[in-house]
Amino acid sequence: MMHLISVSDLAHEEIYELLDLAARIKERRGHYTDALKDMSLAMIFEKPSTRTRVSFEVAMTELGGHALYLNYADLQLGRSETICDTASVLSRYVHVIMARVYRHETVRELARCADIPVINALSDMEHPCQLLADLLTIRERKGDLKDLRIAWIGDGNNVCNSLMLGSAITGMNLSVACPAGYEPDAGIVARANELGSGVLITNDPIEAASGADVLYTDVWVSMGDEKEEEKRLRDFSGFQINSDLLGHAKSDCIVLHCLPAHRGQEISAEVLDGEHSVVMDQAENRLHAQKALLMAVIPRQCDG
Ligand code: CP
Ligand code: NVA
């Protein structure tokens with residue numbers, strides 16, 4: 001693995017190696033302080049972030065390296081310097097680039113032009129770093145991932161796309177329930193079907209949630225969709241994870257949300273803050289999973 005642009009860049013064994021390393025790092029948080037000594041990460045942000053920004057920056061600090069926060073609009077990129085020139089120049093300064101962007105093509109272009117690893121920190125198409133933390137969280141609570149029943153309720157968005165690919169690769173049975181017109185990307189559905197046992201796509205949340213080991217949702221209005229907010233809030237009515245829907249899942253079902261959350265929209269406060277919710281573990285696991293990812297993608301140079 002040189003870049004992580006899509007979850008489909010990861011083979012089955014690579015995912016498990018990353019999860020095993022993340023679990024070890026989590027257990028012994030103070031033991032990797034020199035792992036990325038003197039290494040630098042450039043973090044390009046075209047959109048806001050709390051978890052991604054802080055967890056990547058803290059990850060680099062705790063591994064002995066350094067992270068630079070680069071607001072897209074403050075870079076010459078925001079004044080029409082090309083993506084390719086930016087990638088080439090950053091490759092002369094730092095050891096890895098991560099980017100949160102609107103268009104998936106932007107992060108692909110960065111990867112094409114960079115001489116160093118590029119990590120997708122969320123695009124309109126995928127959120128692979130989130131997926132690693134999700135799998136780590138599910139595995140902590142449920143043991144093996146294979147054959148678990150997982151239900152996505154809500155928008156067929158970037159997080160859903162990465163979950164489809166991750167479920168296919170790890171052998172989880174995923175059902176996706178979306179309102180008509182908000183189904184996930186057809187190309188990613190096809191790729192997930194090639195990689196695994198197939199995703200059930202339905203417009204019925206109860207069908208998806210029935211017997212589930214894991215329920216997962218995300219905002220109805222993603223970054224970049226704000227102009228559609230009013231219509232979306234209408235269209236997604238009935239797709240909330242609440243106690244009624246949770247009642248259709250297994251009694252020991254866990255509830256995931258990548259956060260930020262809107263209590264009363266995609267999830268009720270009662271469920272988000274309730275005993276089935278593991279969302280704060282999931283948020284914490286961004287840090288551990290990304291440390292493992294950074295250690296895997298940054299080639300260590302020999303001193304001598
Ligand atoms: N889940 C996630 O990526 O959160 P941020 O937008 O806060 O980074
Ligand atoms: N789907 C959301 C995820 C936020 C972490 C968005 O793209 O805004």
# chains A, B, ... in the order shown; residues from 1 in each chain; ligands from 1
>>> residues_around(residues="A:Ala186", least_positions_apart="3", cutoff="12 Å", atoms="only C-alpha atoms", output="number ranges by chain")
A: 125, 156-157, 161, 164, 181-183, 189-193, 199, 201
>>> residues_near_ligand(ligand="ligand 1", cutoff="12 Å", atoms="only C-alpha atoms and all ligand atoms", output="ChimeraX atom specification")
/A:43,45-57,99-101,120-123,126-134,158-159,217-219,222-223,256-261,279-280,282-287,290
>>> atom_distance(atom1="atom CA of A:Met172", atom2="atom CA of A:Ala22")
19.9 Å
>>> select_by_dssp(residues="stretch 108-271 of chain A", states="helix (DSSP H, G or I)", output="ChimeraX atom specification")
/A:108-113,128-142,158-170,186-195,205-209,226-235,243-246,269-271
>>> residues_around(residues="A:Gly274", least_positions_apart="3", cutoff="12 Å", atoms="only C-alpha atoms", output="JSON, numbers by chain")
{"A": [241, 242, 243, 246, 253, 254, 255, 256, 267, 268, 269, 270, 271, 277, 278, 279, 280]}
>>> closest_residue(among="A:Thr170, A:Gln265, A:Ser251, A:Ser40", to="A:Glu14", atoms="only C-alpha atoms")
A:Thr170
>>> closest_residue(among="A:Arg141, A:Lys231, A:Arg108, A:Lys146", to="A:His276", atoms="only C-alpha atoms")
A:Arg141
>>> atom_distance(atom1="atom CA of A:Phe236", atom2="atom CA of A:Glu266")
8.0 Å
>>> closest_residue(among="A:Leu163, A:Ile83, A:Leu135, A:Leu68", to="ligand 2", atoms="only C-alpha atoms and all ligand atoms")
A:Leu163
>>> residues_around(residues="stretch 90-97 of chain A", least_positions_apart="5", cutoff="7 Å", atoms="only C-alpha atoms", output="number ranges by chain")
A: 39-43, 114-119, 298
>>> residues_around(residues="A:Arg29", least_positions_apart="6", cutoff="10 Å", atoms="only C-alpha atoms", output="NGL selection string")
:A and (22-23 or 62-63 or 288)
>>> write_last_selection(atoms="all heavy atoms", output="PDB file, in the first residue's frame")
ATOM      1  N   ALA A  22      -3.063  -1.358  15.284  1.00  0.00           N
ATOM      2  CA  ALA A  22      -3.822  -0.311  15.994  1.00  0.00           C
ATOM      3  C   ALA A  22      -4.175  -0.778  17.405  1.00  0.00           C
ATOM      4  O   ALA A  22      -4.076  -0.008  18.374  1.00  0.00           O
ATOM      5  CB  ALA A  22      -5.073   0.050  15.204  1.00  0.00           C
ATOM      6  N   ALA A  23      -4.577  -2.031  17.524  1.00  0.00           N
ATOM      7  CA  ALA A  23      -4.949  -2.561  18.846  1.00  0.00           C
ATOM      8  C   ALA A  23      -3.725  -2.583  19.772  1.00  0.00           C
ATOM      9  O   ALA A  23      -3.826  -2.245  20.959  1.00  0.00           O
ATOM     10  CB  ALA A  23      -5.543  -3.958  18.700  1.00  0.00           C
ATOM     11  N   GLU A  62       2.524  11.998  18.913  1.00  0.00           N
ATOM     12  CA  GLU A  62       2.797  10.867  19.815  1.00  0.00           C
ATOM     13  C   GLU A  62       3.743   9.839  19.186  1.00  0.00           C
ATOM     14  O   GLU A  62       4.331   9.033  19.906  1.00  0.00           O
ATOM     15  CB  GLU A  62       1.489  10.209  20.251  1.00  0.00           C
ATOM     16  CG  GLU A  62       0.685  11.115  21.177  1.00  0.00           C
ATOM     17  CD  GLU A  62      -0.519  10.453  21.829  1.00  0.00           C
ATOM     18  OE1 GLU A  62      -0.806   9.274  21.537  1.00  0.00           O
ATOM     19  OE2 GLU A  62      -1.186  11.127  22.622  1.00  0.00           O
ATOM     20  N   LEU A  63       3.888   9.862  17.867  1.00  0.00           N
ATOM     21  CA  LEU A  63       4.814   8.927  17.201  1.00  0.00           C
ATOM     22  C   LEU A  63       6.174   9.590  16.953  1.00  0.00           C
ATOM     23  O   LEU A  63       7.026   9.036  16.266  1.00  0.00           O
ATOM     24  CB  LEU A  63       4.221   8.438  15.876  1.00  0.00           C
ATOM     25  CG  LEU A  63       2.939   7.597  16.001  1.00  0.00           C
ATOM     26  CD1 LEU A  63       2.366   7.257  14.621  1.00  0.00           C
ATOM     27  CD2 LEU A  63       3.189   6.309  16.772  1.00  0.00           C
ATOM     28  N   HIS A 288      -5.920   5.724  17.114  1.00  0.00           N
ATOM     29  CA  HIS A 288      -5.110   4.494  17.112  1.00  0.00           C
ATOM     30  C   HIS A 288      -5.000   3.910  15.693  1.00  0.00           C
ATOM     31  O   HIS A 288      -3.936   3.466  15.279  1.00  0.00           O
ATOM     32  CB  HIS A 288      -5.707   3.479  18.082  1.00  0.00           C
ATOM     33  CG  HIS A 288      -5.990   4.061  19.432  1.00  0.00           C
ATOM     34  ND1 HIS A 288      -5.013   4.642  20.206  1.00  0.00           N
ATOM     35  CD2 HIS A 288      -7.154   4.214  20.128  1.00  0.00           C
ATOM     36  CE1 HIS A 288      -5.552   5.101  21.333  1.00  0.00           C
ATOM     37  NE2 HIS A 288      -6.850   4.854  21.301  1.00  0.00           N
TER      38      HIS A 288
END
>>> closest_residue(among="A:Ala177, A:Phe239, A:Cys113, A:Thr106", to="A:Asp85", atoms="only C-alpha atoms")
A:Cys113
>>> select_by_dssp(residues="stretch 37-217 of chain A", states="strand (DSSP E)", output="number ranges by chain")
A: 40-45, 66-71, 96-100, 118-120, 149-153, 173-177, 200-202, 214-217
>>> closest_residue(among="A:Lys291, A:Arg112, A:His66, A:Arg103", to="ligand 2", atoms="only C-alpha atoms and all ligand atoms")
A:Arg103
>>> atom_distance(atom1="atom CA of A:Asp213", atom2="atom CA of A:Arg149")
5.2 Å
>>> closest_residue(among="A:Ala87, A:Gln240, A:Lys37, A:Ser167", to="A:Asp204", atoms="only C-alpha atoms")
A:Gln240
>>> residues_around(residues="stretch 194-198 of chain A", least_positions_apart="4", cutoff="7 Å", atoms="only C-alpha atoms", output="PyMOL selection string")
chain A and resi 168-169+171+190
